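Data from entry34.cif: mmCIF, C-alpha atoms and all ligand atoms
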data_query
loop_
_atom_site.group_PDB
_atom_site.id
_atom_site.type_symbol
_atom_site.label_atom_id
_atom_site.label_comp_id
_atom_site.auth_asym_id
_atom_site.auth_seq_id
_atom_site.Cartn_x
_atom_site.Cartn_y
_atom_site.Cartn_z
ATOM 1 C CA MET G 821 36.190 -8.421 21.640
ATOM 2 C CA LEU G 822 33.935 -6.666 19.205
ATOM 3 C CA ASP G 823 35.185 -6.623 15.664
ATOM 4 C CA LYS G 824 34.677 -3.128 14.309
ATOM 5 C CA GLU G 825 34.888 -4.418 10.748
ATOM 6 C CA THR G 826 31.625 -6.331 11.086
ATOM 7 C CA GLN G 827 29.624 -3.311 12.241
ATOM 8 C CA PRO G 828 27.348 -2.069 9.463
ATOM 9 C CA PRO G 829 27.816 1.608 8.593
ATOM 10 C CA GLY G 830 25.368 3.994 10.271
ATOM 11 C CA ARG G 831 22.332 4.924 8.207
ATOM 12 C CA TYR G 832 22.534 8.124 6.204
ATOM 13 C CA GLY G 833 20.112 10.983 6.584
ATOM 14 C CA GLN G 834 19.027 12.651 3.348
ATOM 15 C CA GLY G 835 21.560 15.481 3.760
ATOM 16 C CA ARG G 836 24.473 13.095 4.265
ATOM 17 C CA LEU G 837 23.275 11.000 1.326
ATOM 18 C CA ILE G 838 23.415 14.034 -0.949
ATOM 19 C CA ASN G 839 26.989 14.728 0.202
ATOM 20 C CA VAL G 840 28.022 11.143 -0.524
ATOM 21 C CA MET G 841 26.449 11.343 -3.987
ATOM 22 C CA GLU G 842 28.464 14.477 -4.612
ATOM 23 C CA GLU G 843 31.677 12.752 -3.479
ATOM 24 C CA LEU G 844 30.952 9.847 -5.832
ATOM 25 C CA GLY G 845 30.111 12.192 -8.694
ATOM 26 C CA LEU G 846 26.498 10.987 -8.900
ATOM 27 C CA GLY G 847 23.981 13.448 -10.298
ATOM 28 C CA THR G 848 24.357 17.201 -10.281
ATOM 29 C CA LYS G 849 23.404 19.812 -7.746
ATOM 30 C CA ALA G 850 20.118 20.199 -9.615
ATOM 31 C CA THR G 851 19.255 16.493 -9.918
ATOM 32 C CA ARG G 852 20.352 14.868 -6.642
ATOM 33 C CA HIS G 853 17.168 15.774 -4.756
ATOM 34 C CA GLU G 854 15.081 14.511 -7.638
ATOM 35 C CA ILE G 855 16.982 11.214 -7.756
ATOM 36 C CA ILE G 856 16.362 10.663 -4.049
ATOM 37 C CA SER G 857 12.669 11.520 -4.251
ATOM 38 C CA LYS G 858 12.319 9.057 -7.133
ATOM 39 C CA LEU G 859 13.839 6.358 -4.927
ATOM 40 C CA TYR G 860 11.209 7.171 -2.286
ATOM 41 C CA SER G 861 8.281 7.225 -4.699
ATOM 42 C CA ARG G 862 9.281 3.870 -6.214
ATOM 43 C CA ALA G 863 9.563 2.328 -2.739
ATOM 44 C CA TYR G 864 13.269 1.567 -2.996
ATOM 45 C CA ILE G 865 13.837 3.482 0.219
ATOM 46 C CA HIS G 866 11.763 4.781 3.123
ATOM 47 C CA GLY G 867 12.231 6.833 6.282
ATOM 48 C CA ASN G 868 14.888 9.333 7.240
ATOM 49 C CA PRO G 869 17.577 8.171 8.051
ATOM 50 C CA VAL G 870 17.103 6.389 4.771
ATOM 51 C CA GLN G 871 16.331 2.669 4.871
ATOM 52 C CA PRO G 872 16.344 0.431 1.816
ATOM 53 C CA THR G 873 13.370 -1.881 1.185
ATOM 54 C CA ASN G 874 13.782 -5.543 0.196
ATOM 55 C CA THR G 875 12.946 -4.501 -3.348
ATOM 56 C CA SER G 876 16.033 -2.297 -3.506
ATOM 57 C CA PHE G 877 18.216 -5.087 -2.110
ATOM 58 C CA ALA G 878 16.794 -7.393 -4.770
ATOM 59 C CA VAL G 879 17.553 -4.879 -7.530
ATOM 60 C CA MET G 880 21.097 -4.251 -6.277
ATOM 61 C CA ASP G 881 21.920 -7.923 -5.686
ATOM 62 C CA THR G 882 20.498 -8.879 -9.058
ATOM 63 C CA LEU G 883 22.310 -6.175 -10.989
ATOM 64 C CA GLU G 884 25.594 -6.737 -9.164
ATOM 65 C CA LYS G 885 25.395 -10.351 -10.170
ATOM 66 C CA TYR G 886 24.251 -9.980 -13.767
ATOM 67 C CA SER G 887 25.294 -6.495 -14.834
ATOM 68 C CA PRO G 888 27.903 -5.113 -12.441
ATOM 69 C CA THR G 889 28.749 -2.180 -14.728
ATOM 70 C CA ILE G 890 25.567 -0.238 -13.931
ATOM 71 C CA THR G 891 25.776 -0.717 -10.172
ATOM 72 C CA LYS G 892 29.135 1.037 -9.971
ATOM 73 C CA PRO G 893 29.177 4.804 -9.606
ATOM 74 C CA ASP G 894 32.078 4.944 -12.120
ATOM 75 C CA MET G 895 29.890 4.843 -15.212
ATOM 76 C CA THR G 896 27.625 7.675 -14.104
ATOM 77 C CA LYS G 897 30.606 9.634 -12.834
ATOM 78 C CA LEU G 898 32.422 9.319 -16.152
ATOM 79 C CA LEU G 899 29.343 10.498 -18.036
ATOM 80 C CA GLU G 900 28.875 13.499 -15.746
ATOM 81 C CA GLU G 901 32.563 14.410 -16.101
ATOM 82 C CA ASN G 902 32.367 14.160 -19.863
ATOM 83 C CA MET G 903 29.297 16.422 -19.898
ATOM 84 C CA ASP G 904 31.276 19.035 -17.990
ATOM 85 C CA LYS G 905 34.146 18.690 -20.456
ATOM 86 C CA ILE G 906 31.774 19.196 -23.381
ATOM 87 C CA ALA G 907 30.405 22.307 -21.692
ATOM 88 C CA GLU G 908 33.950 23.580 -21.241
ATOM 89 C CA GLY G 909 34.751 22.798 -24.868
ATOM 90 C CA LYS G 910 37.507 20.359 -23.894
ATOM 91 C CA ILE G 911 36.159 17.367 -25.815
ATOM 92 C CA LYS G 912 33.835 16.827 -28.736
ATOM 93 C CA GLU G 913 30.227 15.797 -28.219
ATOM 94 C CA GLU G 914 30.531 13.008 -30.806
ATOM 95 C CA ALA G 915 33.378 11.337 -28.943
ATOM 96 C CA VAL G 916 31.340 11.239 -25.723
ATOM 97 C CA LEU G 917 28.263 9.961 -27.531
ATOM 98 C CA GLU G 918 30.278 7.198 -29.145
ATOM 99 C CA GLU G 919 31.794 6.190 -25.810
ATOM 100 C CA SER G 920 28.386 6.222 -24.063
ATOM 101 C CA ARG G 921 26.860 4.161 -26.835
ATOM 102 C CA GLU G 922 29.546 1.508 -26.444
ATOM 103 C CA MET G 923 29.076 1.465 -22.679
ATOM 104 C CA LEU G 924 25.298 1.096 -22.918
ATOM 105 C CA LYS G 925 25.585 -1.576 -25.600
ATOM 106 C CA GLN G 926 27.689 -3.637 -23.237
ATOM 107 C CA VAL G 927 25.217 -3.103 -20.384
ATOM 108 C CA PHE G 928 22.211 -4.071 -22.497
ATOM 109 C CA SER G 929 23.871 -7.196 -23.816
ATOM 110 C CA GLU G 930 24.667 -8.230 -20.228
ATOM 111 C CA LEU G 931 21.054 -7.610 -19.204
ATOM 112 C CA ASP G 932 19.644 -9.363 -22.233
ATOM 113 C CA LYS G 933 21.839 -12.423 -21.788
ATOM 114 C CA ASN G 934 20.640 -12.869 -18.197
ATOM 115 C CA ARG G 935 17.022 -11.861 -18.756
ATOM 116 C CA ASP G 936 15.368 -14.914 -17.152
ATOM 117 C CA ASN G 937 17.670 -14.979 -14.140
ATOM 118 C CA ILE G 938 17.080 -11.276 -13.581
ATOM 119 C CA ILE G 939 13.288 -11.638 -13.719
ATOM 120 C CA GLU G 940 13.349 -14.535 -11.284
ATOM 121 C CA SER G 941 15.669 -12.790 -8.868
ATOM 122 C CA LEU G 942 13.664 -9.539 -8.905
ATOM 123 C CA GLN G 943 10.361 -11.324 -8.420
ATOM 124 C CA ALA G 944 11.755 -13.058 -5.346
ATOM 125 C CA GLY G 945 12.731 -9.682 -3.879
ATOM 126 C CA LEU G 946 9.399 -8.057 -4.699
ATOM 127 C CA ARG G 947 7.589 -10.986 -3.148
ATOM 128 C CA GLU G 948 9.622 -10.626 0.034
ATOM 129 C CA ASP G 949 8.391 -7.034 0.410
ATOM 130 C CA LYS G 950 4.827 -8.363 0.473
ATOM 131 C CA ILE G 951 5.250 -10.983 3.198
ATOM 132 C CA ILE G 952 3.802 -9.881 6.531
ATOM 133 C CA GLY G 953 4.404 -13.018 8.586
ATOM 134 C CA ASN G 954 2.589 -16.248 9.367
ATOM 135 C CA CYS G 955 -1.162 -16.766 9.459
ATOM 136 C CA SER G 956 -2.472 -17.227 13.008
ATOM 137 C CA LEU G 957 -5.050 -19.740 11.739
ATOM 138 C CA CYS G 958 -2.997 -22.078 9.549
ATOM 139 C CA GLY G 959 0.654 -20.999 9.781
ATOM 140 C CA ASN G 960 1.114 -20.251 6.071
ATOM 141 C CA GLU G 961 2.471 -16.940 4.826
ATOM 142 C CA LEU G 962 0.350 -13.811 5.010
ATOM 143 C CA MET G 963 0.898 -11.556 2.009
ATOM 144 C CA ILE G 964 -0.237 -8.187 0.718
ATOM 145 C CA ARG G 965 -2.689 -8.959 -2.073
ATOM 146 C CA ARG G 966 -5.204 -7.242 -4.285
ATOM 147 C CA SER G 967 -8.877 -8.136 -4.510
ATOM 148 C CA LYS G 968 -10.601 -8.488 -7.888
ATOM 149 C CA ARG G 969 -11.970 -4.979 -7.358
ATOM 150 C CA GLY G 970 -8.435 -3.688 -6.869
ATOM 151 C CA SER G 971 -8.449 -2.966 -3.146
ATOM 152 C CA ARG G 972 -5.506 -4.110 -1.087
ATOM 153 C CA PHE G 973 -5.686 -6.477 1.842
ATOM 154 C CA ILE G 974 -3.562 -8.982 3.717
ATOM 155 C CA GLY G 975 -4.506 -12.514 2.786
ATOM 156 C CA CYS G 976 -3.271 -16.028 3.510
ATOM 157 C CA SER G 977 -1.171 -17.775 0.847
ATOM 158 C CA ASN G 978 -3.169 -20.912 1.673
ATOM 159 C CA TYR G 979 -6.324 -19.338 0.175
ATOM 160 C CA PRO G 980 -8.945 -20.703 -0.610
ATOM 161 C CA ASN G 981 -8.298 -23.335 2.075
ATOM 162 C CA CYS G 982 -7.736 -20.547 4.575
ATOM 163 C CA THR G 983 -9.710 -17.317 4.314
ATOM 164 C CA PHE G 984 -7.965 -15.364 7.062
ATOM 165 C CA SER G 985 -7.605 -11.735 6.025
ATOM 166 C CA LEU G 986 -6.831 -8.304 7.419
ATOM 167 C CA PRO G 987 -7.809 -4.939 5.928
ATOM 168 C CA LEU G 988 -5.341 -2.346 4.634
ATOM 169 C CA PRO G 989 -5.840 1.389 4.082
ATOM 170 C CA LYS G 990 -7.189 2.370 0.657
ATOM 171 C CA SER G 991 -4.520 4.917 -0.190
ATOM 172 C CA GLY G 992 -0.834 5.414 0.399
ATOM 173 C CA GLN G 993 2.208 3.330 -0.223
ATOM 174 C CA ILE G 994 2.498 0.284 2.021
ATOM 175 C CA ILE G 995 5.946 -0.359 3.443
ATOM 176 C CA VAL G 996 6.613 -3.553 5.375
ATOM 177 C CA ILE G 997 9.164 -2.650 8.033
ATOM 178 C CA ASP G 998 11.503 -4.915 10.012
ATOM 179 C CA LYS G 999 9.802 -4.437 13.381
ATOM 180 C CA LEU G 1000 7.727 -7.435 14.504
ATOM 181 C CA CYS G 1001 4.595 -7.581 16.679
ATOM 182 C CA GLU G 1002 5.336 -9.376 19.942
ATOM 183 C CA THR G 1003 1.840 -10.849 20.064
ATOM 184 C CA HIS G 1004 1.284 -11.912 16.459
ATOM 185 C CA GLY G 1005 4.818 -12.073 15.049
ATOM 186 C CA LEU G 1006 3.704 -9.961 12.083
ATOM 187 C CA HIS G 1007 5.785 -7.221 10.477
ATOM 188 C CA HIS G 1008 4.733 -3.691 11.277
ATOM 189 C CA ILE G 1009 3.360 -1.600 8.444
ATOM 190 C CA ARG G 1010 4.030 1.999 7.532
ATOM 191 C CA ILE G 1011 1.805 3.982 5.192
ATOM 192 C CA ILE G 1012 3.307 6.746 3.115
ATOM 193 C CA ASN G 1013 1.121 9.393 1.515
ATOM 194 C CA GLN G 1014 2.904 11.969 -0.596
ATOM 195 C CA GLY G 1015 3.365 15.268 1.176
ATOM 196 C CA LYS G 1016 2.307 13.832 4.531
ATOM 197 C CA ARG G 1017 4.149 12.420 7.494
ATOM 198 C CA PRO G 1018 4.484 8.625 7.315
ATOM 199 C CA TRP G 1019 1.797 6.850 9.338
ATOM 200 C CA ASP G 1020 3.006 3.942 11.451
ATOM 201 C CA LEU G 1021 0.039 1.636 11.407
ATOM 202 C CA GLY G 1022 1.948 -0.940 13.486
ATOM 203 C CA CYS G 1023 0.934 -4.605 13.485
ATOM 204 C CA PRO G 1024 -1.966 -5.000 11.033
ATOM 205 C CA GLN G 1025 -3.648 -7.594 13.250
ATOM 206 C CA CYS G 1026 -3.392 -5.489 16.437
ATOM 207 C CA ASN G 1027 -4.664 -2.545 14.392
ATOM 208 C CA PHE G 1028 -7.676 -4.527 13.182
ATOM 209 C CA VAL G 1029 -8.510 -5.875 16.654
ATOM 210 C CA GLU G 1030 -8.323 -2.318 17.996
ATOM 211 C CA TRP G 1031 -10.585 -1.042 15.211
ATOM 212 C CA GLN G 1032 -13.165 -3.777 15.876
ATOM 213 C CA LYS G 1033 -13.182 -2.852 19.555
ATOM 214 C CA THR G 1034 -13.902 0.822 18.878
ATOM 215 C CA GLN G 1035 -16.637 -0.155 16.395
ATOM 216 C CA GLN G 1036 -18.331 -2.286 19.050
ATOM 217 C CA GLU G 1037 -18.032 0.462 21.635
ATOM 218 C CA GLU G 1038 -19.527 2.992 19.256
ATOM 219 C CA GLN G 1039 -22.436 0.692 18.518
ATOM 220 C CA ALA G 1040 -23.051 0.068 22.198
ATOM 221 C CA GLN G 1041 -23.129 3.807 22.806
ATOM 222 C CA GLN G 1042 -25.712 4.497 20.121
ATOM 223 C CA PRO G 1043 -29.119 5.163 21.654
ATOM 224 C CA LYS G 1044 -31.704 2.569 20.728
ATOM 225 C CA LYS G 1045 -35.129 3.839 19.923
ATOM 226 C CA GLU G 1046 -38.092 1.856 21.051
ATOM 227 C CA LYS G 1047 -39.512 -0.224 18.235
ATOM 228 C CA PRO G 1048 -42.797 1.110 16.909
ATOM 229 C CA LYS G 1049 -45.800 -1.035 17.860
ATOM 230 C CA SER G 1050 -47.937 -0.311 14.845
ATOM 231 C CA ILE G 1051 -47.334 0.860 11.294
ATOM 232 C CA LYS G 1052 -49.162 4.089 12.090
ATOM 233 C CA ASP G 1053 -46.450 4.962 14.651
ATOM 234 C CA LEU G 1054 -43.961 5.394 11.809
ATOM 235 C CA GLU G 1055 -43.024 8.859 10.660
ATOM 236 C CA GLY G 1056 -44.903 9.898 7.519
ATOM 237 C CA VAL G 1057 -47.451 7.080 7.654
ATOM 238 C CA GLY G 1058 -50.972 8.495 7.668
ATOM 239 C CA LYS G 1059 -54.305 6.870 6.979
ATOM 240 C CA ALA G 1060 -53.830 6.871 3.202
ATOM 241 C CA ILE G 1061 -50.433 5.188 3.242
ATOM 242 C CA ALA G 1062 -51.467 2.738 5.938
ATOM 243 C CA GLY G 1063 -54.341 1.787 3.624
ATOM 244 C CA LYS G 1064 -51.994 1.275 0.672
ATOM 245 C CA LEU G 1065 -49.676 -0.830 2.805
ATOM 246 C CA GLU G 1066 -52.600 -2.943 3.910
ATOM 247 C CA GLU G 1067 -53.605 -3.454 0.271
ATOM 248 C CA ALA G 1068 -50.037 -4.615 -0.380
ATOM 249 C CA GLY G 1069 -50.454 -7.146 2.417
ATOM 250 C CA ILE G 1070 -48.404 -5.247 5.005
ATOM 251 C CA THR G 1071 -50.346 -4.970 8.225
ATOM 252 C CA SER G 1072 -47.680 -5.224 10.905
ATOM 253 C CA VAL G 1073 -44.328 -3.658 11.768
ATOM 254 C CA GLU G 1074 -42.720 -7.102 11.409
ATOM 255 C CA ALA G 1075 -44.144 -7.599 7.919
ATOM 256 C CA LEU G 1076 -42.909 -4.168 6.845
ATOM 257 C CA ALA G 1077 -39.430 -4.877 8.202
ATOM 258 C CA GLU G 1078 -39.200 -8.047 6.126
ATOM 259 C CA ALA G 1079 -40.681 -6.713 2.880
ATOM 260 C CA ASP G 1080 -38.541 -6.245 -0.232
ATOM 261 C CA PRO G 1081 -38.098 -2.451 -0.171
ATOM 262 C CA ILE G 1082 -37.813 -2.068 -3.958
ATOM 263 C CA GLU G 1083 -40.911 -4.153 -4.715
ATOM 264 C CA LEU G 1084 -42.916 -2.483 -1.990
ATOM 265 C CA ALA G 1085 -41.873 1.010 -3.092
ATOM 266 C CA LYS G 1086 -43.108 0.185 -6.595
ATOM 267 C CA THR G 1087 -46.426 -1.231 -5.372
ATOM 268 C CA ILE G 1088 -47.388 1.670 -3.136
ATOM 269 C CA LYS G 1089 -45.683 4.309 -5.328
ATOM 270 C CA ILE G 1090 -43.335 5.747 -2.762
ATOM 271 C CA SER G 1091 -39.545 6.196 -2.758
ATOM 272 C CA VAL G 1092 -37.337 3.226 -1.933
ATOM 273 C CA LYS G 1093 -35.436 5.433 0.480
ATOM 274 C CA LYS G 1094 -38.578 6.119 2.481
ATOM 275 C CA VAL G 1095 -39.423 2.415 2.678
ATOM 276 C CA LYS G 1096 -35.885 1.657 3.812
ATOM 277 C CA ASN G 1097 -36.118 4.365 6.468
ATOM 278 C CA TRP G 1098 -39.338 2.810 7.797
ATOM 279 C CA GLN G 1099 -37.611 -0.549 7.888
ATOM 280 C CA THR G 1100 -34.726 0.923 9.863
ATOM 281 C CA SER G 1101 -37.239 2.332 12.362
ATOM 282 C CA CYS G 1102 -39.091 -0.995 12.470
ATOM 283 C CA ASN G 1103 -35.831 -2.644 13.547
ATOM 284 C CA GLY G 1104 -35.335 -0.103 16.317
ATOM 285 C CA GLY G 1105 -32.645 1.817 14.428
ATOM 286 C CA ILE G 1106 -32.236 5.554 14.150
ATOM 287 C CA VAL G 1107 -32.970 7.152 10.790
ATOM 288 C CA GLU G 1108 -30.386 9.831 10.246
ATOM 289 C CA ASP G 1109 -31.844 11.935 7.457
ATOM 290 C CA LEU G 1110 -35.527 11.825 6.757
HETATM 291 ZN ZN ZN N 1 -4.107 -19.100 6.861
HETATM 292 ZN ZN ZN N 2 -0.071 -7.732 16.648
#

Write out the structure in this file as structure tokens.
Amino acid sequence: MLDKETQPPGRYGQGRLINVMEELGLGTKATRHEIISKLYSRAYIHGNPVQPTNTSFAVMDTLEKYSPTITKPDMTKLLEENMDKIAEGKIKEEAVLEESREMLKQVFSELDKNRDNIIESLQAGLREDKIIGNCSLCGNELMIRRSKRGSRFIGCSNYPNCTFSLPLPKSGQIIVIDKLCETHGLHHIRIINQGKRPWDLGCPQCNFVEWQKTQQEEQAQQPKKEKPKSIKDLEGVGKAIAGKLEEAGITSVEALAEADPIELAKTIKISVKKVKNWQTSCNGGIVEDL
């Protein structure tokens, strides 16, 4: 028989969450939406129905262990109630301030006493939100990392011994979701840009393989121009320029293709862009803007 007690509660949608906050006396009518959107923007929660990230579990578990007072709705509720009483003139501001001060003092001393444990416990949770799965080359953990230039990518924790990597989008918040790829065993990724619908990127490896395929197809579809046979076949090369090129030791299409464009541009007094365009043509490529 199924034990009902072990069933986790259904996930709350944002509307239901606001009702529950009201029941618990958390926030006010004016602030509840703001509190929830802060939780989204700091990646404590994602989706709707709302799902907590590993980071939020880490914060809750850590605080419940080391400073249970702030994880209970009672403290916030009491403060909100006291505010109302001040507004109604039922109690004095000073009394509430004194009480709050005492409460916060206790909380801070709890936090301070357990500082190192808290740091360690939070770091473990944050790290967990960065793990994508196991590297298909070496079996070590793949993690979300940042390059020296600041761009994000998925890299192997066995680096530099293993250089396996996968690209990630430049912008948006990266959420590692529970769903796993059946082929690669990697966690699916969701990208959240403010004001836009979340983008389910799916398995980052499948996504990359797919991207490579479309790149190859696009390249195959691009028309190839016939390579020019002589320098004079190039656009913008007349007698005068052909003469200058010859003086610079460039007498064939092959030689032009291999020349250092910056040096050559200087020698024959022509723009680097033009030289590069010739080189593209020499290699059978299409010059887009002449
Ligand atoms: Zn690896
Ligand atoms: Zn995959």

Mind checking which residues fall within 7 Å of segment 891-901 of chain G, counting all atoms listed in the file, ignoring those fewer than 3 positions away in the same chain, and posting them as a PyMOL selection string? chain G and resi 844-846+883-884+888+904-905

Assuming the chain letters and numbering stay as they are in my file, what does the PyMOL selection byres (((chain G and resi 862-864) around 8) and not hetatm) actually select? List them as a ChimeraX atom specification. /G:858-861,865-866,872-876,993,995

All residues having an atom within 6 Å of ligand ZN 1 (chain N) (all atoms listed in the file) as a PyMOL selection string: chain G and resi 955+957-960+976+978+982+984

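Once only C-alpha atoms and all ligand atoms are used for the distance check, the residues close to ligand ZN 2 (chain N) at 6 Å turn out to be Cys1001, Thr1003, His1004, Cys1023, Gln1025 and Cys1026 of chain G.
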
Distance of atom CA of Ser971 of chain G from atom CA of Phe877 of chain G, expressed in Å to one decimal place: 26.8 Å

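Distances to Cys1102 of chain G were evaluated for G:Gly1056, G:Asp949, G:Lys1047, G:Leu1084 using only C-alpha atoms, and the minimum falls at G:Lys1047.
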
Write out as a PDB file with C-alpha atoms, in the coordinates of the input the residues lying within 8 Å of Ala878 of chain G, counting only C-alpha atoms and excluding same-chain residues fewer than 2 positions away.
ATOM      1  CA  ASN G 874      13.782  -5.543   0.196  1.00  0.00           C
ATOM      2  CA  THR G 875      12.946  -4.501  -3.348  1.00  0.00           C
ATOM      3  CA  SER G 876      16.033  -2.297  -3.506  1.00  0.00           C
ATOM      4  CA  MET G 880      21.097  -4.251  -6.277  1.00  0.00           C
ATOM      5  CA  ASP G 881      21.920  -7.923  -5.686  1.00  0.00           C
ATOM      6  CA  THR G 882      20.498  -8.879  -9.058  1.00  0.00           C
ATOM      7  CA  SER G 941      15.669 -12.790  -8.868  1.00  0.00           C
ATOM      8  CA  LEU G 942      13.664  -9.539  -8.905  1.00  0.00           C
ATOM      9  CA  ALA G 944      11.755 -13.058  -5.346  1.00  0.00           C
ATOM     10  CA  GLY G 945      12.731  -9.682  -3.879  1.00  0.00           C
ATOM     11  CA  LEU G 946       9.399  -8.057  -4.699  1.00  0.00           C
TER      12      LEU G 946
END

Got a minute to add all heavy atoms to segment 1071-1078 of chain G and dump it as an mmCIF file, keeping the file's coordinate frame?
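Now in rebuild_35.cif:
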data_model
loop_
_atom_site.group_PDB
_atom_site.id
_atom_site.type_symbol
_atom_site.label_atom_id
_atom_site.label_comp_id
_atom_site.auth_asym_id
_atom_site.auth_seq_id
_atom_site.Cartn_x
_atom_site.Cartn_y
_atom_site.Cartn_z
ATOM 1 N N THR G 1071 -49.471 -5.454 7.162
ATOM 2 C CA THR G 1071 -50.346 -4.970 8.225
ATOM 3 C C THR G 1071 -49.634 -4.849 9.562
ATOM 4 O O THR G 1071 -50.202 -4.346 10.525
ATOM 5 C CB THR G 1071 -51.554 -5.918 8.406
ATOM 6 O OG1 THR G 1071 -51.043 -7.242 8.587
ATOM 7 C CG2 THR G 1071 -52.473 -5.881 7.198
ATOM 8 N N SER G 1072 -48.387 -5.323 9.624
ATOM 9 C CA SER G 1072 -47.680 -5.224 10.905
ATOM 10 C C SER G 1072 -46.276 -4.670 10.694
ATOM 11 O O SER G 1072 -45.742 -4.686 9.578
ATOM 12 C CB SER G 1072 -47.575 -6.607 11.554
ATOM 13 O OG SER G 1072 -46.673 -7.404 10.809
ATOM 14 N N VAL G 1073 -45.698 -4.171 11.791
ATOM 15 C CA VAL G 1073 -44.328 -3.658 11.768
ATOM 16 C C VAL G 1073 -43.365 -4.753 11.297
ATOM 17 O O VAL G 1073 -42.456 -4.500 10.506
ATOM 18 C CB VAL G 1073 -43.948 -3.156 13.184
ATOM 19 C CG1 VAL G 1073 -42.468 -2.869 13.281
ATOM 20 C CG2 VAL G 1073 -44.762 -1.924 13.533
ATOM 21 N N GLU G 1074 -43.600 -5.984 11.771
ATOM 22 C CA GLU G 1074 -42.720 -7.102 11.409
ATOM 23 C C GLU G 1074 -42.772 -7.376 9.906
ATOM 24 O O GLU G 1074 -41.747 -7.607 9.267
ATOM 25 C CB GLU G 1074 -43.107 -8.384 12.177
ATOM 26 C CG GLU G 1074 -42.777 -8.358 13.665
ATOM 27 C CD GLU G 1074 -43.722 -7.453 14.475
ATOM 28 O OE1 GLU G 1074 -44.874 -7.230 14.026
ATOM 29 O OE2 GLU G 1074 -43.294 -6.950 15.532
ATOM 30 N N ALA G 1075 -43.986 -7.334 9.353
ATOM 31 C CA ALA G 1075 -44.144 -7.599 7.919
ATOM 32 C C ALA G 1075 -43.446 -6.519 7.097
ATOM 33 O O ALA G 1075 -42.789 -6.810 6.094
ATOM 34 C CB ALA G 1075 -45.625 -7.663 7.555
ATOM 35 N N LEU G 1076 -43.555 -5.275 7.563
ATOM 36 C CA LEU G 1076 -42.909 -4.168 6.845
ATOM 37 C C LEU G 1076 -41.389 -4.324 6.887
ATOM 38 O O LEU G 1076 -40.695 -4.115 5.890
ATOM 39 C CB LEU G 1076 -43.336 -2.827 7.457
ATOM 40 C CG LEU G 1076 -42.720 -1.567 6.844
ATOM 41 C CD1 LEU G 1076 -42.956 -1.501 5.340
ATOM 42 C CD2 LEU G 1076 -43.285 -0.308 7.508
ATOM 43 N N ALA G 1077 -40.881 -4.726 8.047
ATOM 44 C CA ALA G 1077 -39.430 -4.877 8.202
ATOM 45 C C ALA G 1077 -38.882 -5.927 7.248
ATOM 46 O O ALA G 1077 -37.754 -5.821 6.773
ATOM 47 C CB ALA G 1077 -39.092 -5.243 9.643
ATOM 48 N N GLU G 1078 -39.701 -6.950 6.951
ATOM 49 C CA GLU G 1078 -39.200 -8.047 6.126
ATOM 50 C C GLU G 1078 -39.501 -7.887 4.638
ATOM 51 O O GLU G 1078 -39.015 -8.663 3.821
ATOM 52 C CB GLU G 1078 -39.794 -9.377 6.623
ATOM 53 C CG GLU G 1078 -39.052 -9.889 7.848
ATOM 54 C CD GLU G 1078 -39.830 -10.983 8.567
ATOM 55 O OE1 GLU G 1078 -40.741 -11.570 7.954
ATOM 56 O OE2 GLU G 1078 -39.514 -11.223 9.742
#
